[in-house]
Each structure stands twice: as structure tokens, then as C-alpha cells.
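Listing of protein-v3.txt, compact mmCIF, C-alpha atoms and all ligand atoms
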# COMPACT_ATOMS: atom_id res chain seq x y z
CA MET C 1 74.68 100.79 113.08
CA ALA C 2 77.65 103.06 113.79
CA ARG C 3 79.26 104.72 110.82
CA ILE C 4 82.83 103.71 109.97
CA VAL C 5 85.42 106.44 109.64
CA ILE C 6 89.01 107.04 108.62
CA SER C 7 90.30 108.83 111.70
CA GLY C 8 94.05 108.91 111.03
CA SER C 9 96.65 108.56 108.30
CA GLY C 10 100.44 108.49 108.09
CA VAL C 11 103.25 108.41 105.52
CA TYR C 12 106.79 107.17 106.06
CA THR C 13 108.99 108.74 103.37
CA PRO C 14 112.53 107.29 103.04
CA PRO C 15 115.21 109.95 103.57
CA LEU C 16 116.98 109.23 100.26
CA CYS C 17 115.91 110.65 96.92
CA ILE C 18 116.99 110.11 93.27
CA SER C 19 116.36 112.72 90.58
CA ASN C 20 115.62 111.79 86.96
CA LYS C 21 119.02 113.15 85.97
CA GLU C 22 120.87 110.94 88.44
CA LEU C 23 118.91 107.88 87.33
CA VAL C 24 119.40 108.61 83.63
CA ASP C 25 123.15 109.27 84.08
CA SER C 26 123.55 105.88 85.74
CA PHE C 27 121.41 104.13 83.09
CA ASN C 28 123.30 105.79 80.23
CA THR C 29 126.65 104.78 81.72
CA TYR C 30 125.36 101.20 81.79
CA VAL C 31 124.27 101.53 78.13
CA HIS C 32 127.64 103.00 77.13
CA ASN C 33 129.52 100.18 78.90
CA PHE C 34 127.26 97.48 77.42
CA ASN C 35 127.60 98.79 73.87
CA ALA C 36 131.39 99.16 74.24
CA GLU C 37 131.68 95.62 75.58
CA HIS C 38 129.53 94.19 72.73
CA ASP C 39 131.05 96.42 70.08
CA ALA C 40 132.12 93.60 67.74
CA ASP C 41 128.76 91.76 67.98
CA ILE C 42 126.87 95.00 67.38
CA ALA C 43 129.01 95.71 64.32
CA ALA C 44 128.40 92.14 63.08
CA GLY C 45 124.64 92.62 63.54
CA VAL C 46 124.27 89.77 66.05
CA CYS C 47 123.58 92.05 69.03
CA GLU C 48 121.23 95.05 69.23
CA PRO C 49 122.84 98.16 70.71
CA LEU C 50 121.06 99.48 73.80
CA GLN C 51 119.51 102.94 73.55
CA GLN C 52 119.98 105.78 76.00
CA SER C 53 117.26 107.01 78.35
CA SER C 54 116.32 110.68 78.65
CA VAL C 55 115.15 113.02 81.40
CA GLU C 56 112.86 114.85 78.96
CA PHE C 57 111.11 111.63 77.90
CA ILE C 58 110.51 110.52 81.49
CA GLU C 59 108.99 113.81 82.56
CA LYS C 60 106.82 114.20 79.46
CA ALA C 61 105.60 110.58 79.34
CA SER C 62 104.97 110.14 83.07
CA GLY C 63 105.16 113.44 85.02
CA ILE C 64 107.77 111.88 87.34
CA LYS C 65 110.69 114.12 88.39
CA SER C 66 112.22 112.22 91.30
CA ARG C 67 111.57 109.32 93.67
CA TYR C 68 112.33 108.37 97.29
CA VAL C 69 114.21 105.11 97.81
CA ILE C 70 115.48 103.08 100.74
CA ASP C 71 118.91 102.73 99.09
CA ARG C 72 120.51 105.04 96.53
CA ASP C 73 124.02 103.74 96.03
CA GLY C 74 123.13 100.26 94.79
CA ILE C 75 120.53 101.62 92.36
CA LEU C 76 122.85 104.28 90.93
CA ASP C 77 125.89 101.99 90.64
CA PRO C 78 125.94 101.07 86.89
CA GLU C 79 127.63 97.78 87.79
CA ARG C 80 124.80 96.83 90.16
CA MET C 81 121.55 98.76 89.41
CA CYS C 82 119.66 97.27 92.33
CA PRO C 83 119.22 98.48 95.93
CA SER C 84 121.84 97.15 98.37
CA LEU C 85 120.03 96.06 101.51
CA PRO C 86 122.00 94.04 104.07
CA GLU C 87 120.29 90.82 105.10
CA ARG C 88 118.55 91.00 108.48
CA GLY C 89 118.52 88.09 110.90
CA ARG C 90 115.49 86.56 112.57
CA ASP C 91 116.34 88.50 115.73
CA GLN C 92 116.05 91.82 113.84
CA SER C 93 112.93 93.61 112.66
CA SER C 94 112.17 93.41 108.95
CA ILE C 95 112.49 96.50 106.73
CA GLN C 96 108.77 96.49 105.97
CA CYS C 97 107.99 96.24 109.67
CA ASP C 98 110.14 99.31 110.43
CA MET C 99 108.48 101.32 107.66
CA SER C 100 105.03 100.16 108.76
CA VAL C 101 105.54 101.07 112.39
CA ALA C 102 106.70 104.59 111.43
CA ALA C 103 103.62 105.23 109.25
CA ALA C 104 101.21 103.51 111.66
CA ARG C 105 102.37 105.60 114.64
CA GLN C 106 101.51 108.78 112.72
CA ALA C 107 98.03 107.46 111.91
CA MET C 108 97.48 106.42 115.55
CA GLU C 109 98.63 109.80 116.82
CA GLN C 110 96.36 111.66 114.42
CA ALA C 111 93.42 109.51 115.54
CA SER C 112 94.43 109.85 119.24
CA LYS C 113 94.48 106.06 119.55
CA ASN C 114 96.82 103.75 121.40
CA ALA C 115 97.50 100.04 120.85
CA ALA C 116 94.76 98.97 123.29
CA ASP C 117 92.11 100.66 121.12
CA ILE C 118 93.05 98.69 117.97
CA ASP C 119 92.01 95.09 117.26
CA ALA C 120 93.68 94.26 113.93
CA VAL C 121 96.49 95.09 111.49
CA ILE C 122 96.35 94.49 107.74
CA VAL C 123 99.62 94.91 105.83
CA SER C 124 98.69 95.15 102.17
CA CYS C 125 101.15 95.87 99.36
CA SER C 126 102.63 94.69 96.04
CA ASN C 127 105.60 92.72 97.37
CA MET C 128 106.17 91.09 100.74
CA GLU C 129 109.68 90.80 102.09
CA ARG C 130 108.92 87.17 103.07
CA PRO C 131 105.91 84.85 102.83
CA TYR C 132 105.70 84.10 106.56
CA PRO C 133 105.37 84.85 109.37
CA ALA C 134 103.13 87.60 108.04
CA ILE C 135 104.71 91.05 108.17
CA ALA C 136 101.40 92.22 109.70
CA VAL C 137 101.87 89.94 112.71
CA GLU C 138 105.35 91.37 113.24
CA VAL C 139 103.94 94.91 113.03
CA GLN C 140 101.15 93.96 115.44
CA GLU C 141 103.77 92.72 117.92
CA ALA C 142 105.98 95.81 117.44
CA LEU C 143 103.03 98.11 118.14
CA GLY C 144 101.74 96.03 121.07
CA ILE C 145 98.34 95.41 119.49
CA GLU C 146 96.20 92.45 120.56
CA GLY C 147 93.81 90.70 118.19
CA PHE C 148 94.67 89.54 114.68
CA ALA C 149 96.83 90.55 111.72
CA PHE C 150 97.37 89.36 108.17
CA ASP C 151 99.06 90.29 104.90
CA MET C 152 97.33 90.70 101.57
CA ASN C 153 98.36 91.72 98.06
CA ILE C 154 96.52 93.04 95.06
CA ALA C 155 99.40 95.15 93.70
CA CYS C 156 98.49 98.80 93.08
CA SER C 157 95.03 98.33 94.60
CA SER C 158 96.30 96.78 97.82
CA ALA C 159 95.32 99.80 99.95
CA THR C 160 91.73 100.21 98.72
CA PHE C 161 91.10 96.45 98.81
CA ALA C 162 92.42 96.33 102.38
CA ILE C 163 90.28 99.33 103.37
CA GLN C 164 87.16 97.51 102.16
CA THR C 165 88.28 94.39 104.05
CA ALA C 166 88.77 96.46 107.22
CA VAL C 167 85.43 98.24 106.82
CA ASP C 168 83.66 94.87 106.41
CA SER C 169 85.40 93.48 109.51
CA ILE C 170 84.47 96.47 111.65
CA PHE C 171 80.93 96.46 110.27
CA ARG C 172 80.47 92.82 111.29
CA GLY C 173 81.73 93.57 114.80
CA ASN C 174 84.98 91.62 114.42
CA ALA C 175 87.10 94.65 115.36
CA ARG C 176 86.60 98.17 116.73
CA ALA C 177 89.56 99.72 114.91
CA ILE C 178 91.93 98.40 112.23
CA LEU C 179 95.23 99.69 110.88
CA VAL C 180 95.71 99.29 107.12
CA ILE C 181 99.40 99.65 106.19
CA ASN C 182 101.10 99.70 102.75
CA PRO C 183 104.92 99.34 102.90
CA GLU C 184 105.91 99.52 99.23
CA ILE C 185 109.57 98.76 98.43
CA CYS C 186 109.06 99.02 94.67
CA SER C 187 112.76 99.68 93.93
CA ALA C 188 113.65 96.10 94.89
CA HIS C 189 111.44 94.69 92.14
CA LEU C 190 112.22 97.15 89.41
CA ASN C 191 114.58 96.33 86.54
CA PHE C 192 116.82 99.40 86.49
CA ARG C 193 118.37 98.08 83.24
CA ASP C 194 115.03 98.31 81.42
CA ARG C 195 114.78 101.64 79.57
CA ASP C 196 110.98 101.43 79.34
CA SER C 197 110.40 101.20 83.08
CA HIS C 198 113.59 102.08 85.02
CA PHE C 199 112.15 105.45 86.09
CA ILE C 200 108.68 104.37 87.17
CA PHE C 201 108.75 103.45 90.87
CA GLY C 202 109.70 104.74 94.31
CA ASP C 203 109.58 103.48 97.92
CA VAL C 204 107.26 104.65 100.71
CA CYS C 205 104.89 103.38 103.39
CA THR C 206 101.36 104.63 104.11
CA ALA C 207 98.90 103.83 106.88
CA VAL C 208 95.27 104.62 107.67
CA LEU C 209 93.27 103.89 110.79
CA LEU C 210 89.63 102.84 110.37
CA GLU C 211 87.23 102.64 113.28
CA ARG C 212 83.63 102.87 114.41
CA GLU C 213 82.48 106.45 114.73
CA ASP C 214 81.20 105.84 118.26
CA CYS C 215 84.75 104.77 119.34
CA CYS C 216 86.34 107.75 117.63
CA SER C 217 88.40 110.30 119.61
CA ALA C 218 89.27 112.66 116.73
CA ALA C 219 86.81 115.44 115.87
CA ASN C 220 87.25 115.83 112.10
CA VAL C 221 87.24 112.52 110.33
CA PHE C 222 86.09 110.97 107.06
CA GLU C 223 83.04 108.72 107.01
CA VAL C 224 83.41 105.81 104.56
CA VAL C 225 80.31 106.31 102.41
CA GLY C 226 80.97 103.28 100.22
CA THR C 227 83.67 101.01 98.84
CA LYS C 228 83.74 99.07 95.58
CA LEU C 229 86.32 96.73 94.05
CA SER C 230 86.74 95.08 90.67
CA THR C 231 89.29 92.79 89.01
CA THR C 232 89.84 91.55 85.45
CA TYR C 233 92.73 89.23 84.60
CA SER C 234 95.54 90.74 82.52
CA THR C 235 99.25 90.00 82.21
CA ASN C 236 100.03 93.47 80.85
CA ILE C 237 101.50 94.35 84.25
CA TYR C 238 103.45 91.31 85.34
CA ASN C 239 105.81 90.12 88.03
CA GLY C 240 106.88 86.49 87.75
CA PHE C 241 108.73 86.32 91.06
CA GLY C 242 107.59 83.47 93.27
CA PHE C 243 108.56 80.47 95.32
CA LEU C 244 108.56 78.14 92.31
CA ASN C 245 111.38 80.13 90.69
CA ARG C 246 114.01 77.93 92.36
CA THR C 247 112.48 74.84 90.77
CA MET C 248 112.90 76.16 87.23
CA ARG C 249 115.83 75.24 85.01
CA GLU C 250 115.91 78.59 83.22
CA LYS C 251 115.73 81.56 85.54
CA PRO C 252 116.87 84.78 83.89
CA GLU C 253 116.59 87.40 86.63
CA ALA C 254 114.98 90.08 84.47
CA ALA C 255 111.99 87.86 83.68
CA LYS C 256 111.19 87.77 87.39
CA LEU C 257 111.10 91.55 87.79
CA PHE C 258 108.37 94.09 87.03
CA ARG C 259 107.33 94.23 83.37
CA GLN C 260 104.49 96.03 81.68
CA GLU C 261 102.97 96.94 78.34
CA GLY C 262 102.72 100.59 79.39
CA ARG C 263 100.81 101.82 76.37
CA LYS C 264 98.22 99.01 76.58
CA VAL C 265 97.83 99.57 80.32
CA PHE C 266 97.24 103.26 79.70
CA LYS C 267 94.61 102.61 77.02
CA GLU C 268 92.78 99.83 78.85
CA VAL C 269 92.85 101.14 82.40
CA VAL C 270 91.77 104.77 81.73
CA PRO C 271 88.24 103.84 80.55
CA MET C 272 87.99 101.09 83.15
CA ALA C 273 88.80 103.41 86.07
CA THR C 274 86.68 106.29 84.72
CA GLU C 275 83.57 104.12 84.29
CA PHE C 276 84.14 102.44 87.63
CA ILE C 277 84.24 105.77 89.47
CA ARG C 278 81.23 107.10 87.56
CA SER C 279 79.04 104.04 88.22
CA HIS C 280 80.04 103.79 91.88
CA LEU C 281 79.24 107.46 92.48
CA ALA C 282 75.86 107.00 90.71
CA GLU C 283 75.01 104.09 93.02
CA HIS C 284 75.32 106.56 95.90
CA GLY C 285 73.41 109.34 94.12
CA ILE C 286 76.59 111.41 93.79
CA ALA C 287 77.38 113.38 90.63
CA PRO C 288 81.07 113.71 89.67
CA ASP C 289 80.73 117.48 90.11
CA ASP C 290 79.72 116.91 93.75
CA LEU C 291 83.27 115.72 94.50
CA ARG C 292 85.47 118.17 96.36
CA ARG C 293 88.55 115.98 95.90
CA VAL C 294 89.72 113.00 93.85
CA TRP C 295 92.72 111.17 95.32
CA LEU C 296 93.83 109.06 92.36
CA HIS C 297 96.36 106.25 92.01
CA GLN C 298 99.69 107.86 91.13
CA ALA C 299 101.11 106.02 88.11
CA ASN C 300 101.10 108.60 85.37
CA LEU C 301 100.15 112.29 85.30
CA ASN C 302 98.68 112.19 81.77
CA MET C 303 96.60 109.18 82.76
CA ASN C 304 95.16 110.94 85.83
CA GLN C 305 94.37 114.12 83.91
CA LEU C 306 92.58 112.08 81.24
CA ILE C 307 90.52 110.12 83.78
CA CYS C 308 89.40 113.35 85.47
CA ARG C 309 88.65 115.10 82.17
CA LYS C 310 86.53 112.14 81.04
CA LEU C 311 84.77 111.96 84.40
CA LEU C 312 84.00 115.66 84.74
CA GLY C 313 83.90 116.73 81.09
CA ARG C 314 86.15 119.71 81.73
CA GLU C 315 89.73 120.70 82.50
CA ILE C 316 90.65 119.83 86.06
CA SER C 317 92.77 121.58 88.69
CA GLU C 318 95.45 120.39 91.09
CA ASP C 319 93.06 121.43 93.83
CA LEU C 320 90.51 118.85 92.68
CA THR C 321 92.98 116.06 91.97
CA PRO C 322 96.38 116.62 93.56
CA THR C 323 99.59 115.06 92.24
CA ILE C 324 102.36 113.51 94.31
CA LEU C 325 103.95 111.29 91.64
CA ASP C 326 106.20 114.14 90.55
CA THR C 327 108.26 113.70 93.74
CA TYR C 328 107.32 110.14 94.84
CA ALA C 329 106.98 108.45 91.38
CA ASN C 330 104.64 105.44 91.25
CA THR C 331 104.49 103.95 94.74
CA ALA C 332 101.98 101.22 93.82
CA SER C 333 99.22 100.91 96.44
CA ALA C 334 100.52 103.82 98.52
CA GLY C 335 100.09 106.56 95.88
CA SER C 336 96.45 107.51 96.40
CA ILE C 337 96.89 107.27 100.19
CA ILE C 338 99.91 109.64 100.16
CA CYS C 339 97.66 112.01 98.22
CA TYR C 340 94.84 111.61 100.74
CA HIS C 341 97.24 112.10 103.67
CA LYS C 342 98.75 115.27 102.27
CA TYR C 343 95.59 116.80 100.83
CA HIS C 344 92.55 116.28 103.06
CA GLU C 345 92.87 118.83 105.86
CA ASP C 346 91.24 121.66 103.91
CA LEU C 347 88.00 119.78 103.20
CA LYS C 348 84.97 121.18 105.06
CA ASP C 349 82.18 119.37 106.90
CA GLN C 350 80.12 117.24 104.44
CA ASP C 351 82.63 117.64 101.57
CA LEU C 352 82.87 114.48 99.46
CA GLY C 353 85.96 112.82 98.06
CA ILE C 354 87.01 109.56 96.44
CA ILE C 355 90.17 107.50 96.81
CA CYS C 356 90.69 105.43 93.65
CA SER C 357 93.39 102.88 92.85
CA PHE C 358 94.02 100.98 89.62
CA GLY C 359 96.77 98.75 88.31
CA ALA C 360 98.01 95.19 88.11
CA GLY C 361 95.45 92.42 88.09
CA TYR C 362 93.89 94.46 86.52
CA SER C 363 92.37 95.82 89.69
CA VAL C 364 90.34 98.93 90.51
CA GLY C 365 89.27 100.03 93.98
CA ASN C 366 87.16 102.96 95.19
CA VAL C 367 86.61 104.42 98.64
CA ILE C 368 84.05 107.25 98.72
CA VAL C 369 84.41 109.41 101.83
CA ARG C 370 82.62 112.37 103.40
CA ARG C 371 84.17 114.78 105.89
CA ILE C 372 82.16 114.77 109.10
CA THR C 373 82.45 116.35 112.52
CA VAL C 374 82.07 113.82 115.31
CA GLU C 375 79.99 115.01 118.27
CA LYS C 376 81.80 114.56 121.57
CA LYS C 377 79.70 112.88 124.23
N1 LIG C 401 113.99 107.34 77.44
C1 LIG C 401 113.79 107.78 76.18
N2 LIG C 401 112.92 107.22 75.31
C2 LIG C 401 112.21 106.17 75.75
C3 LIG C 401 112.36 105.65 77.07
C4 LIG C 401 113.29 106.28 77.91
N3 LIG C 401 113.49 105.87 79.18
N4 LIG C 401 111.52 104.60 77.21
C5 LIG C 401 110.87 104.45 76.07
N5 LIG C 401 111.28 105.38 75.17
C6 LIG C 401 110.85 105.57 73.78
C7 LIG C 401 110.28 104.30 73.18
O1 LIG C 401 111.30 103.50 72.65
C8 LIG C 401 109.37 104.84 72.11
O2 LIG C 401 110.11 105.17 70.97
P1 LIG C 401 109.50 104.93 69.47
O3 LIG C 401 108.31 105.83 69.42
O4 LIG C 401 110.63 105.32 68.59
O5 LIG C 401 109.12 103.47 69.43
C9 LIG C 401 108.84 106.15 72.70
O6 LIG C 401 109.78 106.51 73.73
C10 LIG C 401 107.46 106.03 73.30
O7 LIG C 401 107.43 104.89 74.18
P2 LIG C 401 106.11 104.39 74.86
O8 LIG C 401 105.02 104.29 73.84
O9 LIG C 401 106.41 103.16 75.68
O10 LIG C 401 105.85 105.62 75.86
P3 LIG C 401 104.53 106.08 76.54
O11 LIG C 401 104.23 107.43 76.06
O12 LIG C 401 103.44 105.05 76.48
O13 LIG C 401 104.98 106.18 78.09
C11 LIG C 401 104.73 104.95 80.15
C12 LIG C 401 105.43 105.03 78.78
C13 LIG C 401 105.21 106.12 80.98
C14 LIG C 401 105.13 103.65 80.83
C15 LIG C 401 103.22 105.03 79.96
O14 LIG C 401 102.79 104.13 78.97
C16 LIG C 401 102.44 104.71 81.24
O15 LIG C 401 102.62 105.30 82.29
N6 LIG C 401 101.47 103.81 81.14
C17 LIG C 401 100.61 103.47 82.29
C18 LIG C 401 101.35 102.52 83.14
C19 LIG C 401 100.61 102.20 84.40
O16 LIG C 401 99.69 102.81 84.85
N7 LIG C 401 101.07 101.15 85.01
C20 LIG C 401 100.59 100.76 86.25
C21 LIG C 401 101.68 99.94 86.78
S1 LIG C 401 101.83 100.05 88.44
C22 LIG C 401 101.04 98.73 89.17
O17 LIG C 401 100.08 98.20 88.75
C23 LIG C 401 101.71 98.23 90.37
C24 LIG C 401 102.53 97.04 90.06
C25 LIG C 401 103.08 96.52 91.34
C26 LIG C 401 104.32 97.27 91.75
C27 LIG C 401 105.56 96.49 91.48
C28 LIG C 401 106.78 97.16 92.08
C29 LIG C 401 107.98 97.12 91.19
Give the structure from this file in C-alpha cells form.
Amino acid sequence: MARIVISGSGVYTPPLCISNKELVDSFNTYVHNFNAEHDADIAAGVCEPLQQSSVEFIEKASGIKSRYVIDRDGILDPERMCPSLPERGRDQSSIQCDMSVAAARQAMEQASKNAADIDAVIVSCSNMERPYPAIAVEVQEALGIEGFAFDMNIACSSATFAIQTAVDSIFRGNARAILVINPEICSAHLNFRDRDSHFIFGDVCTAVLLEREDCCSAANVFEVVGTKLSTTYSTNIYNGFGFLNRTMREKPEAAKLFRQEGRKVFKEVVPMATEFIRSHLAEHGIAPDDLRRVWLHQANLNMNQLICRKLLGREISEDLTPTILDTYANTASAGSIICYHKYHEDLKDQDLGIICSFGAGYSVGNVIVRRITVEKK
């Protein structure tokens, strides 16, 4: 049976960026205005004053310094605090389709593949712009790919879960090559008025191309050695947005946006992800020290350092586990794939690495890869 490889990857990065200072200035203006407006109630003790956010806290607690977004002005406007994205008609392409096509084209170019070589498209991310028609089918049409396409969502683990789905499909002979795409517009589902989480997310789109090794045109690729997924139900990371919202009498907007118990998530997910990586590696006879690179989910720098320290029993370097959340923030399912895309070229033949995602669900997903050189016939 032919091996299955990742032969290309791509990242679409929005051209707009927001620094912590810009975000905090906007948030603090909102706080100032709110407290001024509710001055009498605050003085009477019937309304809690809002507290200011701080650049120092954000950087220390998360490692995030800035984020890319598809709209700046709406987010930074203290009267709005939400991206402003003009509605697109049915005769226009969707935003997620445009992002997906940009990232997918990079992956196809890197793999030296054209549309005729690809049989399927999976768009997998935390929030879909619409329920149907599937964004993936629109992307398939835009790229001129025949075959099948579908959307899927398992929040932060959407990329790794989709990679396993693609690998299984190729393995069973249902496709020769599959594009897995993760267009994450996290800013549209973030409550920029919530001090605990207003700094957490950014927007981006990633893509990887998976295919059978014997169809592969690129020389240096990554064999998928093994994939493993796990889920455990938790509401500690929660998004209540859904099609039933319009049927509800009470619908405060904030309750339908991203919410999390950050501390609990940190404490519960660190051991879960560490053990999951360790046991998956052991199943393949790989020791943690055999890993040349660990491309981790990018939610929190302290979290990633702790996972690696627990896994390897020593201090870890940026070379082993690179960080991109400092400039991208948390980009949900795309984080570990941005990391893979930016930091895989230097691996040598037979070097091992692992892509690991973790987050809402809870969900954890691993993809163990080995750099290989494909013989040209
Ligand atoms: N500025 C200043 N102070 C603050 C701020 C702020 N902005 N926010 C909180 N504080 C204060 C708190 O009030 C608290 O004060 P006190 O000690 O007086 O009570 C103090 O700072 C400490 O607060 P925390 O305990 O909450 O701070 P932490 O050190 O725990 O850091 C983090 C908070 C950064 C959120 C951290 O807990 C974390 O990163 N946890 C892990 C989260 C994680 O991994 N989540 C994964 C979510 S992503 C995912 O699954 C994808 C979802 C799908 C995407 C949806 C798109 C929107």
C-alpha cells in the first residue's frame, strides 16, 4: 500500500494587524465610557464598574503580542467592537472561500499539483460563514476540482481531525489527493467587550495537500506515520451560536459568543495533551526525544512550554517547538498548521515531527510525520 504524504502547505495571512496596545486602548475607552454612563448606578452599588485591560497582563498570561484580522476598524471602534464585514450576495464568493482559495493555491503550488490531480476538498474550522451550501463545495468549484467536498468542525482540532479523515479516504482509495483547508475568522465570534478573552484570537487560513506517495510530484515531503484523535465533552470552551437562536425569547448577544474558563482549560488540557502525545508516540515505538519538531496548537505560550517540559522532562527550545501565537494569536485549528508551514523546511530526511491540536470539545488530535525523499521514477 502506498504511503500517504503531506506534499504541500499554505497560509493566507490577512493584511491587517492589531497590536495589544491598540486593542487595549480601544477596550479601555469602552470601559471608561461604560463607567461614566453608569456612574450613578455604580455609586449606588447596583452596577459593578468594569475594569481596564492591560498590555502587560496579556503578554505575560498568553504570550500574544499582536493578531491579524480581516477588519480592524470595526474591532477597534469602542462603539462597535466587532469586525465590519459588508454582506456578500449569492452571486459573490464568500469570505471563507476567498481565504481558502488563497491558502490552497500555495499548497498546490508547493506540491506541484493542479486541480485535475485532486479529488476532494475538506474545509474544516471552528465557525462556518453559512450552513449550506458547504463552503468546501464553493472552494472546489473556485479551484476547478472534480470529485467531492464537505465542511466539518471540531473547533481547535478541526485541522488534525480533517487530516485523519483525508488520510483514511486516500487509504481506502476514495481519492488520490485531498486538500484540507482551515479558514478561521475567529474575530467575528469573539466578544471584544470581555476583558478575560478580548485579546485571544486572530484570523487566518491554512491549507495542506495530502496524497499518495506514488502520485507525488514533490521531492521532499512528509510521510504521515500515524494519526490519533480523542474527544471528551466539556463546556469550559463554549460557543452557543446556532440556528435555534432565533427561536429563543431571550437572546443576549454576548451569550452566543466565545466563552471559556481559561484557567480550567489550562489545567485540564495540559495533562490531556501531554499524555495523548506520549501514548501515541509509544504506539509507534517513538520516544519523545526522537522528535525533531513539535508543531503545537497555538493557544497559550505558557501552556505549550509546560506540555513540552512534561513530555521531554527538560527545558525546550524554540527550535524544537516554534511559536507563532506571538504574532498570530490563537487562530483555532490553523495554529499548529501555520507552525508546520513556517517551520518544516529545515528538517532532514527521516526526521520525525508531530502536529498536535487541542481545544474545545475537548478535542485532541495528533499527526506524526516523517520527512522523506520521494524517488522519481
Ligand atoms: N487585563 C488585565 N487583567 C486581567 C485581564 C486583562 N485583559 N483579564 C483577566 N485579568 C485578571 C483577572 O481578573 C485576574 O485577576 P484576580 O487575580 O485579581 O482575580 C487575573 O488577571 C488572572 O486571571 P486569569 O486567572 O483568568 O488569568 P490566566 O493566567 O489564567 O490567563 C488565559 C488567562 C490567557 C485565558 C489562560 O487561562 C489561557 O490561555 N488558558 C488556556 C485557554 C485555552 O487554551 N483555550 C483554548 C481555547 S481555543 C479553542 O478551543 C478554539 C475555540 C474555537 C474558536 C472560536 C473563535 C472565536
With 3 Å of padding per side, what axis-aligned box (centre and edge lengths, Å, one decimal) covers all the listed atoms of ligand LIG 401 (chain C)? Give it as lines of an AutoDock Vina configuration file.
center_x = 106.8
center_y = 102.1
center_z = 80.3
size_x = 20.3
size_y = 17.3
size_z = 29.5
* **Pick from C:Asn245, C:Asn302, C:Ser26, C:Thr206 nearest to Ala61 of chain C, counting all atoms listed in the file** => C:Asn302
* To do: Determine the nearest neighbour of ligand LIG 401 (chain C) from the options C:Lys60, C:Arg130, C:Arg371, C:Arg314, counting only C-alpha atoms and all ligand atoms.
  => C:Lys60
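Atom pair atom CA of Phe199 of chain C / atom CA of Ser66 of chain C: separated by 8.5 Å.
Shortest separation to Leu76 of chain C among C:Phe150, C:Leu229, C:Cys156, C:Thr29 occurs at residue C:Thr29, atoms counted being only C-alpha atoms.
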* To do: Rounded to one decimal place, report the atom CA of Val367 of chain C-atom CA of Thr227 of chain C distance in Å.
  => 4.5 Å
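Atom CA of Pro14 of chain C is positioned 12.0 Å from atom CA of Thr331 of chain C.
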* Pro288 of chain C surroundings by all atoms listed in the file, 8 Å radius, close-in-sequence under 3 positions cut, as an MDAnalysis selection string -> chainID C and resid 278 281 291 311:312
I want to know what sits within 9 Å of Ser357 of chain C, based on all atoms listed in the file, with residues of the same chain fewer than 2 positions away left out; could you give that as a PDB file with C-alpha atoms, in the coordinates of the input?
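Done, and the output landed in result.pdb:
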ATOM      1  CA  CYS C 156      98.490  98.800  93.080  1.00  0.00           C
ATOM      2  CA  SER C 157      95.030  98.330  94.600  1.00  0.00           C
ATOM      3  CA  SER C 158      96.300  96.780  97.820  1.00  0.00           C
ATOM      4  CA  ALA C 159      95.320  99.800  99.950  1.00  0.00           C
ATOM      5  CA  THR C 160      91.730 100.210  98.720  1.00  0.00           C
ATOM      6  CA  ALA C 273      88.800 103.410  86.070  1.00  0.00           C
ATOM      7  CA  TRP C 295      92.720 111.170  95.320  1.00  0.00           C
ATOM      8  CA  LEU C 296      93.830 109.060  92.360  1.00  0.00           C
ATOM      9  CA  HIS C 297      96.360 106.250  92.010  1.00  0.00           C
ATOM     10  CA  GLN C 298      99.690 107.860  91.130  1.00  0.00           C
ATOM     11  CA  ALA C 332     101.980 101.220  93.820  1.00  0.00           C
ATOM     12  CA  SER C 333      99.220 100.910  96.440  1.00  0.00           C
ATOM     13  CA  GLY C 335     100.090 106.560  95.880  1.00  0.00           C
ATOM     14  CA  SER C 336      96.450 107.510  96.400  1.00  0.00           C
ATOM     15  CA  ILE C 355      90.170 107.500  96.810  1.00  0.00           C
ATOM     16  CA  GLY C 359      96.770  98.750  88.310  1.00  0.00           C
ATOM     17  CA  SER C 363      92.370  95.820  89.690  1.00  0.00           C
ATOM     18  CA  VAL C 364      90.340  98.930  90.510  1.00  0.00           C
ATOM     19  CA  GLY C 365      89.270 100.030  93.980  1.00  0.00           C
ATOM     20  CA  ASN C 366      87.160 102.960  95.190  1.00  0.00           C
TER      21      ASN C 366
END
